[in-house]
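Enquirer: Here you go, protein.txt (compact mmCIF, C-alpha atoms):
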# COMPACT_ATOMS: atom_id res chain seq x y z
CA MET X 295 -80.35 -88.44 -20.21
CA ASP X 296 -77.72 -90.10 -18.05
CA ILE X 297 -77.16 -86.84 -16.18
CA ILE X 298 -80.85 -86.59 -15.29
CA VAL X 299 -80.92 -90.24 -14.14
CA VAL X 300 -77.84 -89.84 -11.94
CA PHE X 301 -79.16 -86.56 -10.54
CA LEU X 302 -82.50 -88.18 -9.63
CA ILE X 303 -80.82 -91.20 -8.05
CA ILE X 304 -78.54 -88.99 -5.95
CA CYS X 305 -81.52 -86.90 -4.86
CA GLY X 306 -83.35 -90.10 -3.90
CA LEU X 307 -80.34 -91.31 -1.92
CA VAL X 308 -80.24 -87.96 -0.05
CA PHE X 309 -83.90 -88.43 0.81
CA PHE X 310 -83.34 -92.00 2.02
CA THR X 311 -80.31 -90.96 4.08
CA GLY X 312 -82.31 -88.14 5.63
CA GLY X 313 -85.10 -90.57 6.44
CA ALA X 314 -82.72 -93.06 8.07
CA VAL X 315 -80.98 -90.34 10.12
CA GLY X 316 -84.34 -88.90 11.12
CA ILE X 317 -85.68 -92.25 12.34
CA LEU X 318 -82.59 -92.68 14.50
CA ARG X 319 -82.26 -89.11 15.80
CA PHE X 320 -85.77 -87.77 16.42
CA PRO X 321 -86.87 -87.77 20.04
CA ASP X 322 -90.23 -89.58 20.11
CA PHE X 323 -92.63 -91.95 18.36
CA TYR X 324 -94.58 -89.41 16.31
CA SER X 325 -91.65 -87.35 15.10
CA ARG X 326 -89.80 -90.53 14.17
CA LEU X 327 -92.71 -91.64 12.00
CA HIS X 328 -92.58 -88.32 10.18
CA PRO X 329 -89.33 -89.03 8.24
CA ALA X 330 -90.36 -92.67 7.86
CA GLY X 331 -93.53 -91.62 6.05
CA LYS X 332 -92.44 -88.61 4.04
CA LEU X 333 -88.80 -89.06 3.12
CA ASP X 334 -89.06 -92.75 2.23
CA THR X 335 -92.02 -92.08 -0.04
CA GLY X 336 -90.25 -89.14 -1.69
CA GLY X 337 -87.01 -91.10 -2.04
CA ALA X 338 -88.88 -94.03 -3.56
CA LEU X 339 -90.53 -91.66 -6.06
CA LEU X 340 -87.20 -90.18 -7.22
CA MET X 341 -85.45 -93.54 -7.44
CA MET X 342 -88.28 -95.21 -9.33
CA VAL X 343 -88.62 -92.35 -11.82
CA ALA X 344 -84.85 -92.52 -12.38
CA LEU X 345 -85.06 -96.28 -13.00
CA ALA X 346 -87.98 -95.84 -15.40
CA LEU X 347 -86.00 -93.23 -17.35
CA PHE X 348 -82.89 -95.39 -17.38
CA ASN X 349 -84.98 -98.24 -18.70
CA LEU X 350 -86.06 -96.14 -21.71
CA HIS X 351 -82.54 -96.12 -23.19
CA HIS X 352 -83.68 -98.44 -25.96
CA PHE X 353 -87.11 -97.18 -26.88
CA SER X 354 -89.41 -100.12 -27.59
CA LEU X 355 -92.77 -101.49 -26.46
CA ALA X 356 -91.16 -103.79 -23.89
CA THR X 357 -89.18 -101.01 -22.18
CA VAL X 358 -92.19 -98.69 -22.17
CA LEU X 359 -94.24 -101.43 -20.49
CA THR X 360 -91.52 -101.99 -17.88
CA GLY X 361 -91.36 -98.23 -17.27
CA LEU X 362 -95.13 -98.11 -16.81
CA LYS X 363 -94.95 -100.96 -14.29
CA ILE X 364 -92.29 -99.07 -12.33
CA ILE X 365 -94.48 -95.95 -12.33
CA LEU X 366 -97.39 -98.12 -11.10
CA ILE X 367 -95.23 -99.19 -8.14
CA VAL X 368 -94.71 -95.49 -7.33
CA VAL X 369 -98.46 -94.87 -7.45
CA PHE X 370 -99.20 -97.72 -5.05
CA VAL X 371 -96.37 -96.77 -2.69
CA PHE X 372 -97.79 -93.26 -2.68
CA LEU X 373 -101.22 -94.60 -1.75
CA SER X 374 -100.22 -97.19 0.82
CA SER X 375 -97.19 -95.80 2.65
CA PRO X 376 -98.79 -92.57 3.98
CA THR X 377 -101.92 -94.53 4.86
CA ALA X 378 -99.89 -97.04 6.84
CA ILE X 379 -98.06 -94.26 8.70
CA HIS X 380 -101.39 -92.55 9.36
CA GLY X 381 -102.76 -95.80 10.80
CA ILE X 382 -99.75 -96.22 13.09
CA VAL X 383 -99.97 -92.60 14.33
CA ASP X 384 -103.71 -93.02 14.84
CA ALA X 385 -103.11 -96.16 16.92
CA GLY X 386 -100.58 -94.23 19.04
CA VAL X 387 -103.07 -91.42 19.68
CA ARG X 388 -105.83 -93.87 20.56
CA ALA X 389 -103.54 -95.76 22.91
CA GLY X 390 -103.00 -92.47 24.78
CA LEU X 391 -99.39 -91.71 23.93
CA GLY X 392 -98.77 -87.98 24.31
CA PRO X 393 -96.45 -86.02 22.04
CA TRP X 394 -92.94 -85.06 23.09
CA THR X 395 -92.38 -81.45 24.19
CA ARG X 396 -89.15 -79.50 24.47
CA GLY X 397 -87.08 -80.16 27.56
CA GLU X 398 -88.32 -83.72 28.07
CA LYS X 399 -86.08 -86.75 27.85
CA ARG X 400 -85.81 -88.64 24.57
CA ARG X 401 -87.95 -91.74 24.45
CA MET Q 48 -77.78 -117.70 33.52
CA ARG Q 49 -76.79 -115.16 30.90
CA THR Q 50 -73.25 -116.54 30.67
CA LEU Q 51 -74.74 -119.99 30.19
CA GLY Q 52 -76.90 -118.73 27.35
CA ILE Q 53 -73.94 -117.09 25.60
CA LEU Q 54 -71.94 -120.28 26.09
CA VAL Q 55 -74.66 -122.43 24.51
CA ALA Q 56 -75.00 -120.00 21.58
CA ALA Q 57 -71.23 -119.96 21.03
CA LEU Q 58 -71.06 -123.77 21.16
CA THR Q 59 -73.88 -124.13 18.64
CA CYS Q 60 -72.18 -121.57 16.42
CA ALA Q 61 -68.87 -123.46 16.61
CA LEU Q 62 -70.66 -126.74 15.80
CA LEU Q 63 -72.34 -125.19 12.77
CA PHE Q 64 -69.06 -123.75 11.52
CA TYR Q 65 -67.44 -127.17 12.00
CA ALA Q 66 -70.24 -128.78 9.98
CA MET Q 67 -69.73 -126.19 7.23
CA GLY Q 68 -66.41 -127.87 6.47
CA ASP Q 69 -68.33 -130.79 4.97
CA PHE Q 70 -70.11 -128.59 2.43
CA PRO Q 71 -68.89 -128.61 -1.15
CA PRO Q 72 -66.92 -125.48 -2.07
CA TRP Q 73 -68.82 -122.42 -3.31
CA ALA Q 74 -69.88 -122.75 -6.98
CA ASP Q 75 -68.11 -126.10 -7.38
CA PRO Q 76 -69.29 -127.61 -10.70
CA GLY Q 77 -68.59 -131.10 -9.38
CA SER Q 78 -70.83 -130.88 -6.32
CA ALA Q 79 -73.83 -133.18 -6.04
CA ALA Q 80 -76.42 -130.45 -6.57
CA HIS Q 81 -74.88 -129.43 -9.90
CA THR Q 82 -74.26 -132.80 -11.50
CA HIS Q 83 -77.43 -134.91 -11.58
CA VAL Q 84 -80.77 -133.25 -12.26
CA SER Q 85 -80.06 -129.51 -12.43
CA PRO Q 86 -78.39 -129.54 -15.88
CA ARG Q 87 -81.24 -131.63 -17.21
CA TYR Q 88 -83.88 -129.22 -15.85
CA ILE Q 89 -82.02 -126.22 -17.24
CA GLU Q 90 -81.42 -127.72 -20.68
CA LYS Q 91 -84.66 -129.64 -21.27
CA THR Q 92 -87.36 -127.51 -19.58
CA MET Q 93 -88.13 -125.44 -22.66
CA GLU Q 94 -88.41 -128.34 -25.08
CA GLU Q 95 -90.25 -130.66 -22.69
CA THR Q 96 -92.79 -128.27 -21.15
CA SER Q 97 -92.54 -125.01 -23.18
CA VAL Q 98 -92.43 -123.04 -19.91
CA PRO Q 99 -89.75 -120.31 -19.97
CA ASN Q 100 -89.53 -120.13 -16.17
CA ALA Q 101 -87.71 -123.30 -15.14
CA VAL Q 102 -88.62 -122.84 -11.47
CA THR Q 103 -92.33 -123.14 -12.25
CA ALA Q 104 -91.75 -126.21 -14.40
CA VAL Q 105 -89.70 -127.92 -11.68
CA LEU Q 106 -92.24 -126.99 -9.02
CA ALA Q 107 -95.43 -128.04 -10.78
CA ASP Q 108 -94.29 -130.65 -13.30
CA TYR Q 109 -91.02 -132.40 -12.50
CA ARG Q 110 -91.75 -132.32 -8.77
CA GLY Q 111 -95.52 -132.06 -9.00
CA PHE Q 112 -96.11 -134.80 -6.42
CA ASP Q 113 -94.17 -132.83 -3.81
CA THR Q 114 -96.13 -129.64 -4.55
CA MET Q 115 -99.44 -131.50 -4.36
CA PHE Q 116 -98.73 -132.54 -0.80
CA GLU Q 117 -97.50 -129.04 0.06
CA THR Q 118 -100.95 -127.84 -0.97
CA THR Q 119 -102.48 -130.59 1.13
CA VAL Q 120 -100.41 -129.44 4.12
CA ILE Q 121 -101.80 -125.92 3.71
CA PHE Q 122 -105.33 -127.35 3.49
CA ALA Q 123 -104.66 -129.37 6.65
CA ALA Q 124 -103.49 -126.20 8.44
CA GLY Q 125 -106.76 -124.48 7.58
CA VAL Q 126 -108.86 -127.42 8.69
CA VAL Q 127 -106.92 -127.78 11.95
CA CYS Q 128 -107.38 -124.07 12.74
CA PHE Q 129 -111.09 -124.48 12.06
CA PHE Q 130 -111.47 -127.51 14.33
CA ILE Q 131 -109.44 -126.04 17.19
CA LEU Q 132 -110.79 -122.50 17.18
CA ARG Q 133 -114.31 -122.47 15.76
CA LEU Q 134 -116.97 -122.41 18.44
CA PRO Q 135 -120.43 -123.87 17.92
CA LYS Q 136 -123.14 -121.28 17.41
CA LYS Q 137 -124.63 -120.31 20.77
CA GLU Q 138 -128.37 -119.94 21.18
CA GLY Q 139 -130.26 -117.19 22.94
CA PRO Q 140 -130.42 -113.42 22.56
CA ILE Q 141 -127.49 -111.04 22.91
CA PHE Q 142 -127.20 -107.30 23.20
CA ARG Q 143 -125.72 -105.31 20.38
CA ARG Q 144 -124.86 -101.64 20.41
CA TYR Q 145 -125.57 -99.34 17.52
CA ARG Q 146 -124.44 -95.79 16.90
CA HIS Q 147 -126.61 -93.35 15.02
CA THR Q 148 -124.17 -91.87 12.55
CA LEU Q 149 -125.89 -88.48 12.25
CA THR Q 150 -126.32 -87.66 15.91
CA GLY Q 151 -123.66 -89.86 17.49
CA MET Q 152 -126.23 -91.38 19.85
CA THR Q 153 -125.61 -94.96 20.99
CA ILE Q 154 -128.43 -97.44 21.55
CA ARG Q 155 -128.52 -100.99 22.88
CA VAL Q 156 -130.67 -103.55 21.12
CA LYS Q 157 -131.60 -107.07 22.18
CA CYS Q 158 -131.34 -109.31 19.14
CA THR Q 159 -130.62 -112.84 17.98
CA ARG Q 160 -127.21 -114.35 17.35
CA LYS Q 161 -127.59 -113.99 13.61
CA ILE Q 162 -125.53 -111.20 12.11
CA PRO Q 163 -128.05 -108.46 11.24
CA PRO Q 164 -127.99 -106.72 7.88
CA VAL Q 165 -126.13 -103.46 7.41
CA LEU Q 166 -128.35 -100.46 8.16
CA GLU Q 167 -127.98 -97.14 6.47
CA GLU Q 168 -128.11 -94.74 9.40
CA PHE Q 169 -126.89 -96.99 12.17
CA GLU Q 170 -123.41 -98.40 12.63
CA MET Q 171 -122.79 -101.50 14.70
CA ILE Q 172 -120.35 -101.13 17.59
CA ASP Q 173 -118.23 -104.04 18.76
CA ASN Q 174 -117.20 -104.62 22.36
CA LEU Q 175 -113.67 -103.41 21.68
CA TRP Q 176 -114.79 -100.77 19.26
CA ALA Q 177 -112.75 -97.92 17.92
CA PRO Q 178 -114.28 -95.53 15.41
CA HIS Q 179 -113.39 -96.39 11.84
CA ASP Q 180 -110.87 -94.16 10.18
CA LEU Q 181 -112.12 -92.68 6.94
CA ILE Q 182 -108.64 -92.29 5.42
CA ILE Q 183 -107.68 -95.92 6.00
CA LYS Q 184 -111.07 -97.20 4.87
CA THR Q 185 -111.02 -95.22 1.64
CA SER Q 186 -107.47 -95.96 0.58
CA CYS Q 187 -107.88 -99.67 1.38
CA ARG Q 188 -111.04 -99.71 -0.70
CA ILE Q 189 -109.07 -98.22 -3.59
CA LEU Q 190 -106.18 -100.68 -3.14
CA VAL Q 191 -108.11 -103.95 -2.75
CA PRO Q 192 -109.23 -104.36 -6.40
CA PHE Q 193 -105.71 -103.66 -7.64
CA LEU Q 194 -104.34 -106.17 -5.15
CA GLN Q 195 -106.74 -108.82 -6.42
CA LEU Q 196 -105.89 -108.04 -10.03
CA PHE Q 197 -102.21 -108.32 -9.19
CA GLY Q 198 -102.84 -111.64 -7.44
CA LEU Q 199 -104.50 -113.03 -10.57
CA TYR Q 200 -101.62 -111.68 -12.68
CA VAL Q 201 -99.07 -113.40 -10.45
CA ILE Q 202 -100.93 -116.73 -10.75
CA ALA Q 203 -101.36 -116.49 -14.52
CA HIS Q 204 -97.90 -115.10 -15.21
CA GLY Q 205 -96.02 -117.75 -13.25
CA HIS Q 206 -94.93 -119.32 -16.54
CA HIS Q 207 -92.88 -116.31 -17.59
CA SER Q 208 -91.83 -114.48 -14.44
CA PRO Q 209 -91.39 -115.21 -10.74
CA GLY Q 210 -94.76 -116.10 -9.27
CA GLY Q 211 -97.30 -118.87 -9.32
CA GLY Q 212 -100.08 -120.32 -7.26
CA PHE Q 213 -98.63 -119.94 -3.79
CA GLN Q 214 -97.59 -116.29 -4.16
CA GLY Q 215 -100.71 -115.25 -6.05
CA GLY Q 216 -102.95 -117.06 -3.56
CA VAL Q 217 -101.29 -115.28 -0.66
CA ILE Q 218 -101.81 -111.90 -2.37
CA LEU Q 219 -105.48 -112.71 -3.01
CA GLY Q 220 -105.96 -113.82 0.60
CA ALA Q 221 -104.18 -110.71 1.87
CA SER Q 222 -106.56 -108.49 -0.08
CA MET Q 223 -109.56 -110.00 1.74
CA ILE Q 224 -107.72 -109.78 5.07
CA LEU Q 225 -106.95 -106.11 4.35
CA LEU Q 226 -110.67 -105.55 3.81
CA ALA Q 227 -111.41 -107.26 7.15
CA ILE Q 228 -108.80 -105.13 8.95
CA SER Q 229 -109.68 -101.78 7.43
CA HIS Q 230 -113.45 -102.20 7.67
CA ASP Q 231 -114.54 -105.02 9.95
CA LEU Q 232 -114.88 -108.78 9.79
CA ARG Q 233 -118.58 -108.65 8.92
CA THR Q 234 -117.88 -106.58 5.80
CA ALA Q 235 -115.37 -109.13 4.60
CA LEU Q 236 -117.71 -112.01 5.48
CA ALA Q 237 -120.51 -110.38 3.47
CA ARG Q 238 -118.17 -110.47 0.44
CA MET Q 239 -116.92 -114.01 1.04
CA GLY Q 240 -118.76 -116.06 3.61
CA GLU Q 241 -117.53 -118.90 5.77
CA LYS Q 242 -119.09 -121.54 3.55
CA VAL Q 243 -117.46 -120.11 0.42
CA HIS Q 244 -113.90 -120.15 1.69
CA ALA Q 245 -114.37 -123.43 3.51
CA LEU Q 246 -115.49 -124.93 0.18
CA LEU Q 247 -112.86 -123.24 -1.99
CA CYS Q 248 -110.10 -124.68 0.17
CA PRO Q 249 -110.76 -128.39 -0.61
CA ILE Q 250 -111.82 -127.49 -4.17
CA GLY Q 251 -108.33 -126.11 -4.80
CA VAL Q 252 -106.70 -129.32 -3.57
CA LEU Q 253 -109.26 -131.32 -5.57
CA ILE Q 254 -108.37 -129.46 -8.78
CA TYR Q 255 -104.73 -130.39 -8.29
CA ALA Q 256 -105.32 -134.02 -7.35
CA GLY Q 257 -108.11 -134.31 -9.94
CA THR Q 258 -105.79 -133.20 -12.72
CA GLY Q 259 -103.35 -135.86 -11.62
CA ALA Q 260 -106.07 -138.50 -11.47
CA LEU Q 261 -107.37 -137.46 -14.91
CA CYS Q 262 -103.91 -138.14 -16.34
CA LEU Q 263 -104.07 -141.54 -14.67
CA VAL Q 264 -107.50 -142.24 -16.22
CA LEU Q 265 -106.22 -141.20 -19.66
CA GLY Q 266 -103.57 -143.88 -19.48
CA ARG Q 267 -100.41 -142.04 -18.40
CA ASP Q 268 -98.67 -141.66 -15.06
CA PHE Q 269 -100.16 -139.66 -12.18
CA LEU Q 270 -99.61 -135.91 -12.83
CA ASP Q 271 -98.14 -136.56 -16.29
CA TYR Q 272 -99.84 -133.61 -17.98
CA GLY Q 273 -98.90 -134.79 -21.46
CA ALA Q 274 -101.97 -137.04 -21.25
CA LEU Q 275 -104.24 -133.97 -21.37
CA ALA Q 276 -103.22 -133.32 -24.99
CA GLY Q 277 -106.27 -135.18 -26.31
CA ILE Q 278 -108.75 -133.22 -24.19
CA LEU Q 279 -107.19 -129.80 -24.77
CA HIS Q 280 -106.59 -130.42 -28.50
CA VAL Q 281 -102.94 -129.36 -28.35
CA ASP Q 282 -99.63 -131.17 -28.71
CA PRO Q 283 -98.28 -132.90 -25.57
CA VAL Q 284 -95.63 -130.22 -24.87
CA THR Q 285 -98.18 -127.39 -24.81
CA ALA Q 286 -100.48 -129.65 -22.80
CA ARG Q 287 -97.80 -129.78 -20.09
CA SER Q 288 -97.74 -125.98 -20.03
CA HIS Q 289 -101.54 -125.82 -19.71
CA GLY Q 290 -101.53 -128.57 -17.09
CA ILE Q 291 -99.14 -126.52 -14.99
CA LEU Q 292 -101.52 -123.52 -15.25
CA ILE Q 293 -104.52 -125.61 -14.15
CA VAL Q 294 -102.58 -126.93 -11.19
CA GLU Q 295 -101.39 -123.44 -10.26
CA ILE Q 296 -105.00 -122.21 -10.23
CA GLY Q 297 -105.87 -125.02 -7.80
CA VAL Q 298 -102.93 -124.10 -5.56
CA GLY Q 299 -103.95 -120.42 -5.68
CA LEU Q 300 -107.53 -121.20 -4.63
CA ALA Q 301 -106.44 -123.43 -1.77
CA VAL Q 302 -103.87 -120.96 -0.44
CA MET Q 303 -106.23 -117.97 -0.68
CA ALA Q 304 -109.09 -119.76 1.08
CA THR Q 305 -106.79 -121.10 3.81
CA MET Q 306 -105.32 -117.67 4.54
CA ILE Q 307 -108.79 -116.14 4.94
CA TRP Q 308 -110.06 -119.12 6.94
CA ILE Q 309 -107.21 -119.00 9.44
CA TYR Q 310 -107.38 -115.22 9.79
CA ASN Q 311 -111.15 -115.20 10.37
CA ASN Q 312 -110.95 -117.94 12.98
CA ILE Q 313 -108.11 -116.33 14.91
CA SER Q 314 -109.28 -112.73 14.76
CA SER Q 315 -112.85 -113.48 15.84
CA ARG Q 316 -111.83 -116.08 18.44
CA GLY Q 317 -113.85 -118.66 16.58
CA GLU Q 318 -117.15 -116.79 16.79
CA TYR Q 319 -117.27 -115.29 13.30
CA ASP Q 320 -119.05 -112.25 14.63
CA GLU Q 321 -116.84 -109.50 15.97
CA GLY Q 322 -113.47 -109.28 14.35
CA LEU Q 323 -110.48 -107.07 14.91
What would you get if you wrote out this structure as structure tokens?
Expert:
Amino acid sequence: MDIIVVFLIICGLVFFTGGAVGILRFPDFYSRLHPAGKLDTGGALLMMVALALFNLHHFSLATVLTGLKIILIVVFVFLSSPTAIHGIVDAGVRAGLGPWTRGEKRR
Amino acid sequence: MRTLGILVAALTCALLFYAMGDFPPWADPGSAAHTHVSPRYIEKTMEETSVPNAVTAVLADYRGFDTMFETTVIFAAGVVCFFILRLPKKEGPIFRRYRHTLTGMTIRVKCTRKIPPVLEEFEMIDNLWAPHDLIIKTSCRILVPFLQLFGLYVIAHGHHSPGGGFQGGVILGASMILLAISHDLRTALARMGEKVHALLCPIGVLIYAGTGALCLVLGRDFLDYGALAGILHVDPVTARSHGILIVEIGVGLAVMATMIWIYNNISSRGEYDEGL
């Protein structure tokens, strides 16, 4: 059990690190939003599932309820985070910001 | 100019660090904050109010007078926004643009100032109109009921976990604001009109102050919820717990209505017609 939890948490940390590096390193607005939307959501999923599993060490009604609440957080993050990123990208397109192409300067 | 700014910032910083010398040491059991009322709150909250969360008990019972005027300040903020921003209804016809959703054709109609009902095949277009995004609309529509449920949970569960009227009210208000952002202001106004939130705002404050006044009428001090024991048919300690819940509901109503009121006035520039 502990091995699975630690494995999931490390995977989640890798996702979060990748997301942070991506936000800093990618060349333009749209590609920077890409790690912000995907990797943070995936990292949150792995971390939350790990926490829910860790919480089930002592199996009782209270811990099951807490685990369910943690899973609910994952569900709502999964709904809202991609939608928010979609809204931001949509606003960028409507404001007339073009995508970055190879050879251009970073912006 | 820049050097001057850095100099001023450094001086302020030095002054603050100098003033920090007067603070009691970190986690000093003899400091003023840890000697007078805190031990009493921590030790007696459970037996005096039967509320497990001491923060809620301190907020709504021991310092209930303070919280009542915090609610009044929020109410005042809503009323001030209303009086500064809200414009009187103008008379005379205006032109509205509609888009036929099937063909994409746009037409211009001369109509009155009153907000017309929602039509099935035509979509109203605002002056600064951008087509609505189906993804955002749909996922916000899914999220809003859960947000409102969570807001109610936060208000009701303030006795046992972090939360209470202020936080729950803000969540409830945010759910309506989310509806206004993802759809448009008229959709949100059709769900909760101007009169409703303008009434709910003072009603929330009235519930709080009324509970206090009721205690006064029943022969105890203002906001001494133990007096409600006779009405609620419970012992005075449980009555304090219930009194806190009643007061939290009032705070939640006032905060929710004020959030929506301020947002509607700012986003529609006081016209309550076209929103963001």
Enquirer: Please check the contacts: residues of chain Q at most 12 Å away from chain X, using only C-alpha atoms, listed as a ChimeraX atom specification.
Expert: /Q:176-191,193-194,197,225,228-229
Enquirer: Could you jot down the atom CA of Arg400 of chain X to atom CA of Ala338 of chain X separation for me, Å, one decimal place?
Expert: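 Between these atoms lies a distance of 28.8 Å.
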Enquirer: Contacts of Phe348 of chain X at 8 Å or less, counting all atoms listed in the file, minus same-chain residues fewer than 2 places along, as a CSV table (one decimal) with C-alpha atoms, in the coordinates of the input?
Expert:
chain,number,residue,atom,x,y,z
X,295,MET,CA,-80.4,-88.4,-20.2
X,296,ASP,CA,-77.7,-90.1,-18.0
X,299,VAL,CA,-80.9,-90.2,-14.1
X,344,ALA,CA,-84.8,-92.5,-12.4
X,345,LEU,CA,-85.1,-96.3,-13.0
X,346,ALA,CA,-88.0,-95.8,-15.4
X,350,LEU,CA,-86.1,-96.1,-21.7
X,351,HIS,CA,-82.5,-96.1,-23.2
Enquirer: Find the residues around Ile224 of chain Q up to 8 Å (all atoms listed in the file counted), leave out those fewer than 4 positions away in its own chain, and share them as a PyMOL selection string.
Expert: chain Q and resi 220+228+235+307+310
Enquirer: Give me the residues near Asp322 of chain X as a PyMOL selection string, where near means some atom within 12 Å (using only C-alpha atoms) and where sequence neighbours in that chain fewer than 6 positions away do not count.
Expert: chain X and resi 316+328-329+383+386+391-396+398-401
Enquirer: Please dump the current selection as a tab-separated table (two decimals), keeping the file's coordinate frame; keep C-alpha atoms.
Expert:
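Saved file selection-v1.tsv follows:
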chain	number	residue	atom	x	y	z
X	316	GLY	CA	-84.34	-88.90	11.12
X	328	HIS	CA	-92.58	-88.32	10.18
X	329	PRO	CA	-89.33	-89.03	8.24
X	383	VAL	CA	-99.97	-92.60	14.33
X	386	GLY	CA	-100.58	-94.23	19.04
X	391	LEU	CA	-99.39	-91.71	23.93
X	392	GLY	CA	-98.77	-87.98	24.31
X	393	PRO	CA	-96.45	-86.02	22.04
X	394	TRP	CA	-92.94	-85.06	23.09
X	395	THR	CA	-92.38	-81.45	24.19
X	396	ARG	CA	-89.15	-79.50	24.47
X	398	GLU	CA	-88.32	-83.72	28.07
X	399	LYS	CA	-86.08	-86.75	27.85
X	400	ARG	CA	-85.81	-88.64	24.57
X	401	ARG	CA	-87.95	-91.74	24.45
Enquirer: Rounded to one decimal place, report the atom CA of Arg233 of chain Q-atom CA of Tyr319 of chain Q distance in Å.
Expert: 8.1 Å
Enquirer: Could you check how far atom CA of Glu295 of chain Q sits from atom CA of Ala245 of chain Q, in Å to one decimal?
Expert: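 Those two atoms sit 18.9 Å apart.
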Enquirer: Skip Ile218 of chain Q itself and residues of its chain fewer than 6 positions away, then list as an MDAnalysis selection string all residues within 10 Å of it, counting only C-alpha atoms.
Expert: chainID Q and resid 194:199 201:202 212 224 299 302:303 306
Enquirer: Report as lines of an AutoDock Vina configuration file the centre and the edge lengths, in Å to one decimal, of the axis-aligned box holding every listed atom of segment 361-369 of chain X, padded by 8 Å on each side.
Expert:
center_x = -94.9
center_y = -97.9
center_z = -12.3
size_x = 23.1
size_y = 22.1
size_z = 25.9
Enquirer: Under the rule that all atoms listed in the file are counted, which of X:Val308, X:Val300, X:Met342, X:Ala356 is the nearest residue to Val371 of chain X?
Expert: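 Closest residue, counting all atoms listed in the file: X:Met342.
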Enquirer: Can you list, as an MDAnalysis selection string, every protein, DNA or RNA residue that comes within 9 Å of segment 277-280 of chain Q when you count only C-alpha atoms, leaving out same-chain residues fewer than 4 positions away?
Expert: chainID Q and resid 265 273 286 289
